[in-house]
>>> print(open('upload-v5.txt').read())   # compact mmCIF, C-alpha atoms
# COMPACT_ATOMS: atom_id res chain seq x y z
CA SER A 1298 -11.34 6.86 -8.26
CA THR A 1299 -12.42 9.37 -5.66
CA SER A 1300 -9.88 12.11 -5.10
CA PHE A 1301 -9.19 13.64 -1.70
CA ASP A 1302 -7.26 16.65 -3.00
CA HIS A 1303 -9.00 18.81 -0.38
CA VAL A 1304 -7.16 16.88 2.37
CA SER A 1305 -3.50 17.77 2.86
CA PRO A 1306 -1.47 14.75 3.91
CA ASP A 1307 0.13 14.76 7.36
CA VAL A 1308 2.19 11.58 7.62
CA ALA A 1309 4.23 12.97 10.52
CA GLY A 1310 1.03 13.76 12.42
CA VAL A 1311 -0.20 10.19 12.00
CA MET A 1312 3.14 8.82 13.17
CA ALA A 1313 3.11 11.15 16.21
CA ALA A 1314 -0.43 10.11 17.14
CA ARG A 1315 0.49 6.43 16.95
CA ALA A 1316 3.64 7.01 19.04
CA GLU A 1317 1.52 8.77 21.67
CA GLY A 1318 -1.10 5.99 21.69
CA ARG A 1319 -3.77 8.16 20.07
CA ALA A 1320 -5.94 7.04 17.16
CA PRO A 1321 -4.87 9.12 14.14
CA VAL A 1322 -7.50 10.91 12.10
CA VAL A 1323 -7.16 10.01 8.43
CA PRO A 1324 -9.35 10.71 5.39
CA TYR A 1325 -9.77 7.00 4.67
CA THR A 1326 -8.74 3.67 6.13
CA LEU A 1327 -7.75 0.18 5.03
CA SER A 1328 -11.37 -0.81 5.75
CA ASP A 1329 -12.54 1.90 3.33
CA MET A 1330 -10.20 0.58 0.66
CA ALA A 1331 -11.41 -2.98 1.32
CA ALA A 1332 -14.96 -1.73 0.82
CA ASP A 1333 -13.81 -0.20 -2.50
CA ALA A 1334 -12.54 -3.64 -3.57
CA LEU A 1335 -15.93 -5.13 -2.70
CA ALA A 1336 -17.63 -2.42 -4.74
CA VAL A 1337 -15.54 -3.47 -7.75
CA LEU A 1338 -16.57 -7.12 -7.24
CA ASP A 1339 -20.21 -6.05 -6.88
CA GLY A 1340 -19.93 -3.89 -9.99
CA VAL A 1341 -18.93 -6.86 -12.11
CA GLY A 1342 -21.28 -9.29 -10.39
CA VAL A 1343 -18.66 -11.41 -8.63
CA GLU A 1344 -19.88 -12.90 -5.34
CA ALA A 1345 -16.51 -14.25 -4.16
CA ALA A 1346 -12.99 -14.18 -5.56
CA HIS A 1347 -9.40 -15.26 -5.10
CA VAL A 1348 -7.77 -11.98 -4.07
CA VAL A 1349 -4.07 -11.06 -4.17
CA GLY A 1350 -2.54 -7.91 -2.73
CA PHE A 1351 1.01 -6.56 -2.76
CA SER A 1352 2.36 -4.27 -0.03
CA MET A 1353 -0.57 -2.04 1.02
CA GLY A 1354 -2.76 -4.28 -1.14
CA GLY A 1355 -1.72 -7.19 1.08
CA MET A 1356 -3.00 -5.24 4.06
CA ILE A 1357 -6.26 -4.61 2.24
CA VAL A 1358 -6.57 -8.34 1.46
CA GLN A 1359 -6.00 -9.12 5.14
CA THR A 1360 -8.71 -6.60 6.03
CA LEU A 1361 -11.07 -8.23 3.54
CA ALA A 1362 -10.40 -11.65 5.07
CA ILE A 1363 -11.14 -10.30 8.55
CA GLU A 1364 -14.16 -8.15 7.74
CA HIS A 1365 -15.69 -9.95 4.73
CA PRO A 1366 -14.45 -13.57 4.66
CA GLU A 1367 -17.55 -14.72 2.79
CA ARG A 1368 -16.40 -12.72 -0.25
CA LEU A 1369 -13.00 -14.45 -0.52
CA LEU A 1370 -12.30 -17.86 -2.01
CA SER A 1371 -8.67 -17.39 -0.98
CA MET A 1372 -6.29 -14.60 -0.08
CA THR A 1373 -2.66 -13.99 -0.95
CA SER A 1374 -0.71 -11.29 0.87
CA VAL A 1375 2.65 -10.41 -0.71
CA MET A 1376 5.38 -8.11 0.69
CA SER A 1377 3.09 -6.91 3.45
CA SER A 1378 2.70 -6.88 7.21
CA THR A 1379 -0.02 -7.24 9.82
CA GLY A 1380 0.35 -3.70 11.12
CA ASP A 1381 1.91 -4.93 14.36
CA LEU A 1382 4.40 -2.24 15.33
CA ASP A 1383 6.64 -4.81 17.06
CA VAL A 1384 7.31 -6.86 13.89
CA GLY A 1385 7.57 -6.45 10.14
CA GLN A 1386 8.90 -2.91 10.11
CA PRO A 1387 10.82 -1.72 7.06
CA ALA A 1388 14.60 -1.54 7.11
CA PRO A 1389 15.88 2.00 7.75
CA GLU A 1390 16.77 2.58 4.09
CA ALA A 1391 13.29 1.44 2.99
CA ARG A 1392 11.58 3.59 5.64
CA ASP A 1393 13.65 6.59 4.51
CA LEU A 1394 12.44 6.09 0.93
CA LEU A 1395 8.81 5.73 2.04
CA LEU A 1396 8.99 8.94 4.08
CA ALA A 1397 11.15 11.01 1.69
CA PRO A 1398 9.61 14.03 -0.02
CA PRO A 1399 8.00 12.93 -3.28
CA PRO A 1400 9.68 13.48 -6.62
CA THR A 1401 8.45 16.51 -8.54
CA ASP A 1402 8.85 15.46 -12.17
CA ARG A 1403 8.69 12.39 -14.41
CA GLU A 1404 12.42 11.61 -14.50
CA ALA A 1405 12.79 12.04 -10.72
CA TYR A 1406 9.80 9.73 -10.24
CA ILE A 1407 11.38 7.05 -12.42
CA ARG A 1408 14.70 7.41 -10.56
CA ARG A 1409 12.86 7.00 -7.23
CA GLN A 1410 11.17 3.85 -8.50
CA PHE A 1411 14.56 2.39 -9.47
CA GLU A 1412 15.96 3.29 -6.05
CA SER A 1413 12.94 1.65 -4.41
CA ILE A 1414 13.29 -1.52 -6.47
CA ARG A 1415 16.98 -1.76 -5.59
CA THR A 1416 16.09 -1.31 -1.90
CA TRP A 1417 13.25 -3.82 -1.54
CA GLY A 1418 12.89 -5.51 -4.90
CA THR A 1419 14.25 -8.64 -6.49
CA PRO A 1420 17.54 -8.17 -8.37
CA ALA A 1421 16.69 -11.03 -10.72
CA GLY A 1422 13.62 -9.13 -11.93
CA TYR A 1423 15.44 -5.86 -12.62
CA ASP A 1424 15.00 -5.10 -16.31
CA GLU A 1425 15.77 -1.38 -16.63
CA VAL A 1426 14.27 -0.92 -20.10
CA ARG A 1427 10.98 -2.60 -19.16
CA LEU A 1428 10.79 -0.89 -15.76
CA ARG A 1429 11.52 2.55 -17.23
CA ALA A 1430 8.60 2.08 -19.63
CA VAL A 1431 6.28 0.79 -16.87
CA HIS A 1432 7.11 3.56 -14.41
CA GLY A 1433 6.91 6.22 -17.10
CA ALA A 1434 3.42 4.99 -18.02
CA VAL A 1435 2.41 4.99 -14.33
CA TYR A 1436 3.60 8.58 -13.97
CA ASP A 1437 1.80 9.63 -17.16
CA ARG A 1438 -1.43 7.95 -16.07
CA CYS A 1439 -1.73 9.55 -12.67
CA PHE A 1440 1.14 11.06 -10.71
CA ALA A 1441 -0.44 11.93 -7.35
CA PRO A 1442 2.16 12.19 -4.58
CA ASP A 1443 -0.39 13.56 -2.10
CA GLY A 1444 -2.57 10.53 -2.82
CA GLN A 1445 0.36 8.23 -2.08
CA ALA A 1446 0.94 10.10 1.19
CA ARG A 1447 -2.72 9.72 2.16
CA GLN A 1448 -2.48 5.98 1.43
CA LEU A 1449 0.60 5.81 3.65
CA MET A 1450 -1.41 7.61 6.34
CA ALA A 1451 -4.09 4.91 6.12
CA VAL A 1452 -1.44 2.20 6.49
CA LEU A 1453 0.24 3.91 9.44
CA ALA A 1454 -3.09 4.61 11.17
CA ALA A 1455 -4.30 1.02 10.92
CA PRO A 1456 -4.23 -0.99 14.12
CA SER A 1457 -2.53 -4.36 14.20
CA ARG A 1458 -4.47 -7.11 12.44
CA THR A 1459 -2.39 -9.86 14.07
CA GLU A 1460 -5.01 -11.08 16.57
CA ALA A 1461 -7.90 -10.89 14.11
CA LEU A 1462 -5.89 -12.75 11.45
CA GLY A 1463 -5.56 -15.62 13.91
CA SER A 1464 -9.26 -16.37 13.45
CA VAL A 1465 -9.29 -16.15 9.63
CA THR A 1466 -10.28 -19.43 8.00
CA VAL A 1467 -10.05 -18.29 4.38
CA PRO A 1468 -7.32 -20.28 2.58
CA ALA A 1469 -4.28 -18.04 2.65
CA LEU A 1470 -0.82 -17.73 1.16
CA VAL A 1471 1.68 -15.27 2.58
CA VAL A 1472 4.71 -14.40 0.45
CA HIS A 1473 7.45 -12.21 1.79
>>> encode(input="upload-v5.txt", output="structure tokens")
Amino acid sequence: STSFDHVSPDVAGVMAARAEGRAPVVPYTLSDMAADALAVLDGVGVEAAHVVGFSMGGMIVQTLAIEHPERLLSMTSVMSSTGDLDVGQPAPEARDLLLAPPPTDREAYIRRQFESIRTWGTPAGYDEVRLRAVHGAVYDRCFAPDGQARQLMAVLAAPSRTEALGSVTVPALVVH
């Protein structure tokens, strides 16, 4: 993946721009990430696919359906929103977790993941041993808190997709 380490994240700046009605300047957008997904499909020779996205991935799937419907056989958007600031906002405790300073070490990262799961996850799927192994492996693979902040900037900078989604004809499933 391309790294944007030369760009310092400014989540507060993006939020301020949106609150003031200005278009935030971000290093990449949901449309850029949708284009990355298409590049993966092109790279493996897939003309159209059933695409599923969770959270920000759901927003990317929605963007794909709006901008490149011919590439989707169906779309599934899970735990996501349309970017409309009047609906679908996180609960205060979830927002606080999203905006909190990132953890600085492996154990703090794993603790944050458990806190996140308890805040917006499914209690029935909470298997601490399995999740500790998964989140430890994620940390070991690529802990990049600035990258996560830049992704959050892309989400916060995105305009509402509500109106455009009204014209999508790709078969869709929304799970929330």
>>> atom_distance(input="upload-v5.txt", atom1="atom CA of A:Arg1315", atom2="atom CA of A:Met1330")
20.3 Å
>>> closest_residue(input="upload-v5.txt", among="A:Ser1328, A:Ser1305, A:Ser1378, A:Gln1445", to="A:Ile1363", atoms="all atoms listed in the file")
A:Ser1328
>>> atom_distance(input="upload-v5.txt", atom1="atom CA of A:Cys1439", atom2="atom CA of A:Asp1329")
20.8 Å
>>> atom_distance(input="upload-v5.txt", atom1="atom CA of A:Thr1379", atom2="atom CA of A:Met1356")
6.8 Å
>>> closest_residue(input="upload-v5.txt", among="A:Pro1389, A:Pro1400, A:Gly1350, A:Gly1342", to="A:Ser1377", atoms="all atoms listed in the file")
A:Gly1350
>>> closest_residue(input="upload-v5.txt", among="A:Leu1327, A:Ala1336, A:Pro1399, A:Ile1414", to="A:Gly1380", atoms="all atoms listed in the file")
A:Leu1327
>>> residues_around(input="upload-v5.txt", residues="A:Val1304", least_positions_apart="3", cutoff="9 Å", atoms="all atoms listed in the file", output="PyMOL selection string")
chain A and resi 1301+1324+1443+1447
>>> residues_around(input="upload-v5.txt", residues="A:Gly1310", least_positions_apart="5", cutoff="10 Å", atoms="all atoms listed in the file", output="list in words")
Arg1315, Ala1316, Pro1321, Val1322, Val1323 and Met1450 of chain A
>>> write_last_selection(input="upload-v5.txt", atoms="C-alpha atoms", output="PDB file, keeping the file's coordinate frame")
ATOM      1  CA  ARG A1315       0.490   6.430  16.950  1.00  0.00           C
ATOM      2  CA  ALA A1316       3.640   7.010  19.040  1.00  0.00           C
ATOM      3  CA  PRO A1321      -4.870   9.120  14.140  1.00  0.00           C
ATOM      4  CA  VAL A1322      -7.500  10.910  12.100  1.00  0.00           C
ATOM      5  CA  VAL A1323      -7.160  10.010   8.430  1.00  0.00           C
ATOM      6  CA  MET A1450      -1.410   7.610   6.340  1.00  0.00           C
TER       7      MET A1450
END
>>> closest_residue(input="upload-v5.txt", among="A:Pro1468, A:Pro1398, A:Gly1463, A:Gly1385", to="A:Leu1369", atoms="all atoms listed in the file")
A:Pro1468
>>> closest_residue(input="upload-v5.txt", among="A:Tyr1325, A:Trp1417, A:Ser1374, A:Tyr1423", to="A:Met1353", atoms="all atoms listed in the file")
A:Ser1374
>>> build_atoms(input="upload-v5.txt", residues="stretch 1460-1471 of chain A", atoms="all heavy atoms", output="mmCIF file, in the frame of the given file")
data_model
loop_
_atom_site.group_PDB
_atom_site.id
_atom_site.type_symbol
_atom_site.label_atom_id
_atom_site.label_comp_id
_atom_site.auth_asym_id
_atom_site.auth_seq_id
_atom_site.Cartn_x
_atom_site.Cartn_y
_atom_site.Cartn_z
ATOM 1 N N GLU A 1460 -4.056 -10.254 15.807
ATOM 2 C CA GLU A 1460 -5.010 -11.080 16.570
ATOM 3 C C GLU A 1460 -6.185 -11.502 15.701
ATOM 4 O O GLU A 1460 -6.564 -12.673 15.689
ATOM 5 C CB GLU A 1460 -5.503 -10.315 17.794
ATOM 6 C CG GLU A 1460 -6.369 -11.174 18.694
ATOM 7 C CD GLU A 1460 -6.781 -10.444 19.966
ATOM 8 O OE1 GLU A 1460 -6.069 -9.519 20.403
ATOM 9 O OE2 GLU A 1460 -7.838 -10.807 20.524
ATOM 10 N N ALA A 1461 -6.754 -10.567 14.961
ATOM 11 C CA ALA A 1461 -7.900 -10.890 14.110
ATOM 12 C C ALA A 1461 -7.538 -11.890 13.020
ATOM 13 O O ALA A 1461 -8.339 -12.765 12.671
ATOM 14 C CB ALA A 1461 -8.476 -9.618 13.493
ATOM 15 N N LEU A 1462 -6.317 -11.800 12.493
ATOM 16 C CA LEU A 1462 -5.890 -12.750 11.450
ATOM 17 C C LEU A 1462 -5.801 -14.168 12.003
ATOM 18 O O LEU A 1462 -5.945 -15.129 11.248
ATOM 19 C CB LEU A 1462 -4.563 -12.318 10.847
ATOM 20 C CG LEU A 1462 -4.646 -11.134 9.890
ATOM 21 C CD1 LEU A 1462 -3.256 -10.575 9.587
ATOM 22 C CD2 LEU A 1462 -5.370 -11.521 8.612
ATOM 23 N N GLY A 1463 -5.606 -14.295 13.298
ATOM 24 C CA GLY A 1463 -5.560 -15.620 13.910
ATOM 25 C C GLY A 1463 -6.861 -16.389 13.794
ATOM 26 O O GLY A 1463 -6.869 -17.617 13.890
ATOM 27 N N SER A 1464 -7.964 -15.690 13.567
ATOM 28 C CA SER A 1464 -9.260 -16.370 13.450
ATOM 29 C C SER A 1464 -9.726 -16.504 11.998
ATOM 30 O O SER A 1464 -10.805 -17.041 11.743
ATOM 31 C CB SER A 1464 -10.314 -15.617 14.264
ATOM 32 O OG SER A 1464 -10.502 -14.323 13.730
ATOM 33 N N VAL A 1465 -8.921 -16.046 11.045
ATOM 34 C CA VAL A 1465 -9.290 -16.150 9.630
ATOM 35 C C VAL A 1465 -9.210 -17.598 9.177
ATOM 36 O O VAL A 1465 -8.221 -18.283 9.446
ATOM 37 C CB VAL A 1465 -8.366 -15.246 8.766
ATOM 38 C CG1 VAL A 1465 -8.516 -15.558 7.284
ATOM 39 C CG2 VAL A 1465 -8.659 -13.781 9.042
ATOM 40 N N THR A 1466 -10.250 -18.048 8.508
ATOM 41 C CA THR A 1466 -10.280 -19.430 8.000
ATOM 42 C C THR A 1466 -10.220 -19.493 6.478
ATOM 43 O O THR A 1466 -10.213 -20.583 5.915
ATOM 44 C CB THR A 1466 -11.543 -20.165 8.496
ATOM 45 O OG1 THR A 1466 -12.700 -19.455 8.054
ATOM 46 C CG2 THR A 1466 -11.553 -20.266 10.016
ATOM 47 N N VAL A 1467 -10.164 -18.343 5.828
ATOM 48 C CA VAL A 1467 -10.050 -18.290 4.380
ATOM 49 C C VAL A 1467 -8.686 -18.894 4.002
ATOM 50 O O VAL A 1467 -7.667 -18.582 4.639
ATOM 51 C CB VAL A 1467 -10.106 -16.818 3.900
ATOM 52 C CG1 VAL A 1467 -9.788 -16.708 2.422
ATOM 53 C CG2 VAL A 1467 -11.461 -16.217 4.216
ATOM 54 N N PRO A 1468 -8.631 -19.775 3.008
ATOM 55 C CA PRO A 1468 -7.320 -20.280 2.580
ATOM 56 C C PRO A 1468 -6.395 -19.118 2.252
ATOM 57 O O PRO A 1468 -6.784 -18.182 1.552
ATOM 58 C CB PRO A 1468 -7.643 -21.112 1.334
ATOM 59 C CG PRO A 1468 -9.082 -21.502 1.502
ATOM 60 C CD PRO A 1468 -9.720 -20.335 2.215
ATOM 61 N N ALA A 1469 -5.175 -19.172 2.776
ATOM 62 C CA ALA A 1469 -4.280 -18.040 2.650
ATOM 63 C C ALA A 1469 -2.876 -18.468 2.244
ATOM 64 O O ALA A 1469 -2.400 -19.526 2.638
ATOM 65 C CB ALA A 1469 -4.213 -17.281 3.973
ATOM 66 N N LEU A 1470 -2.236 -17.585 1.486
ATOM 67 C CA LEU A 1470 -0.820 -17.730 1.160
ATOM 68 C C LEU A 1470 -0.174 -16.404 1.496
ATOM 69 O O LEU A 1470 -0.673 -15.333 1.117
ATOM 70 C CB LEU A 1470 -0.641 -18.033 -0.331
ATOM 71 C CG LEU A 1470 0.813 -18.072 -0.840
ATOM 72 C CD1 LEU A 1470 1.609 -19.184 -0.158
ATOM 73 C CD2 LEU A 1470 0.835 -18.224 -2.350
ATOM 74 N N VAL A 1471 0.927 -16.463 2.245
ATOM 75 C CA VAL A 1471 1.680 -15.270 2.580
ATOM 76 C C VAL A 1471 3.041 -15.393 1.932
ATOM 77 O O VAL A 1471 3.741 -16.390 2.135
ATOM 78 C CB VAL A 1471 1.820 -15.109 4.112
ATOM 79 C CG1 VAL A 1471 2.700 -13.917 4.449
ATOM 80 C CG2 VAL A 1471 0.442 -14.969 4.756
#
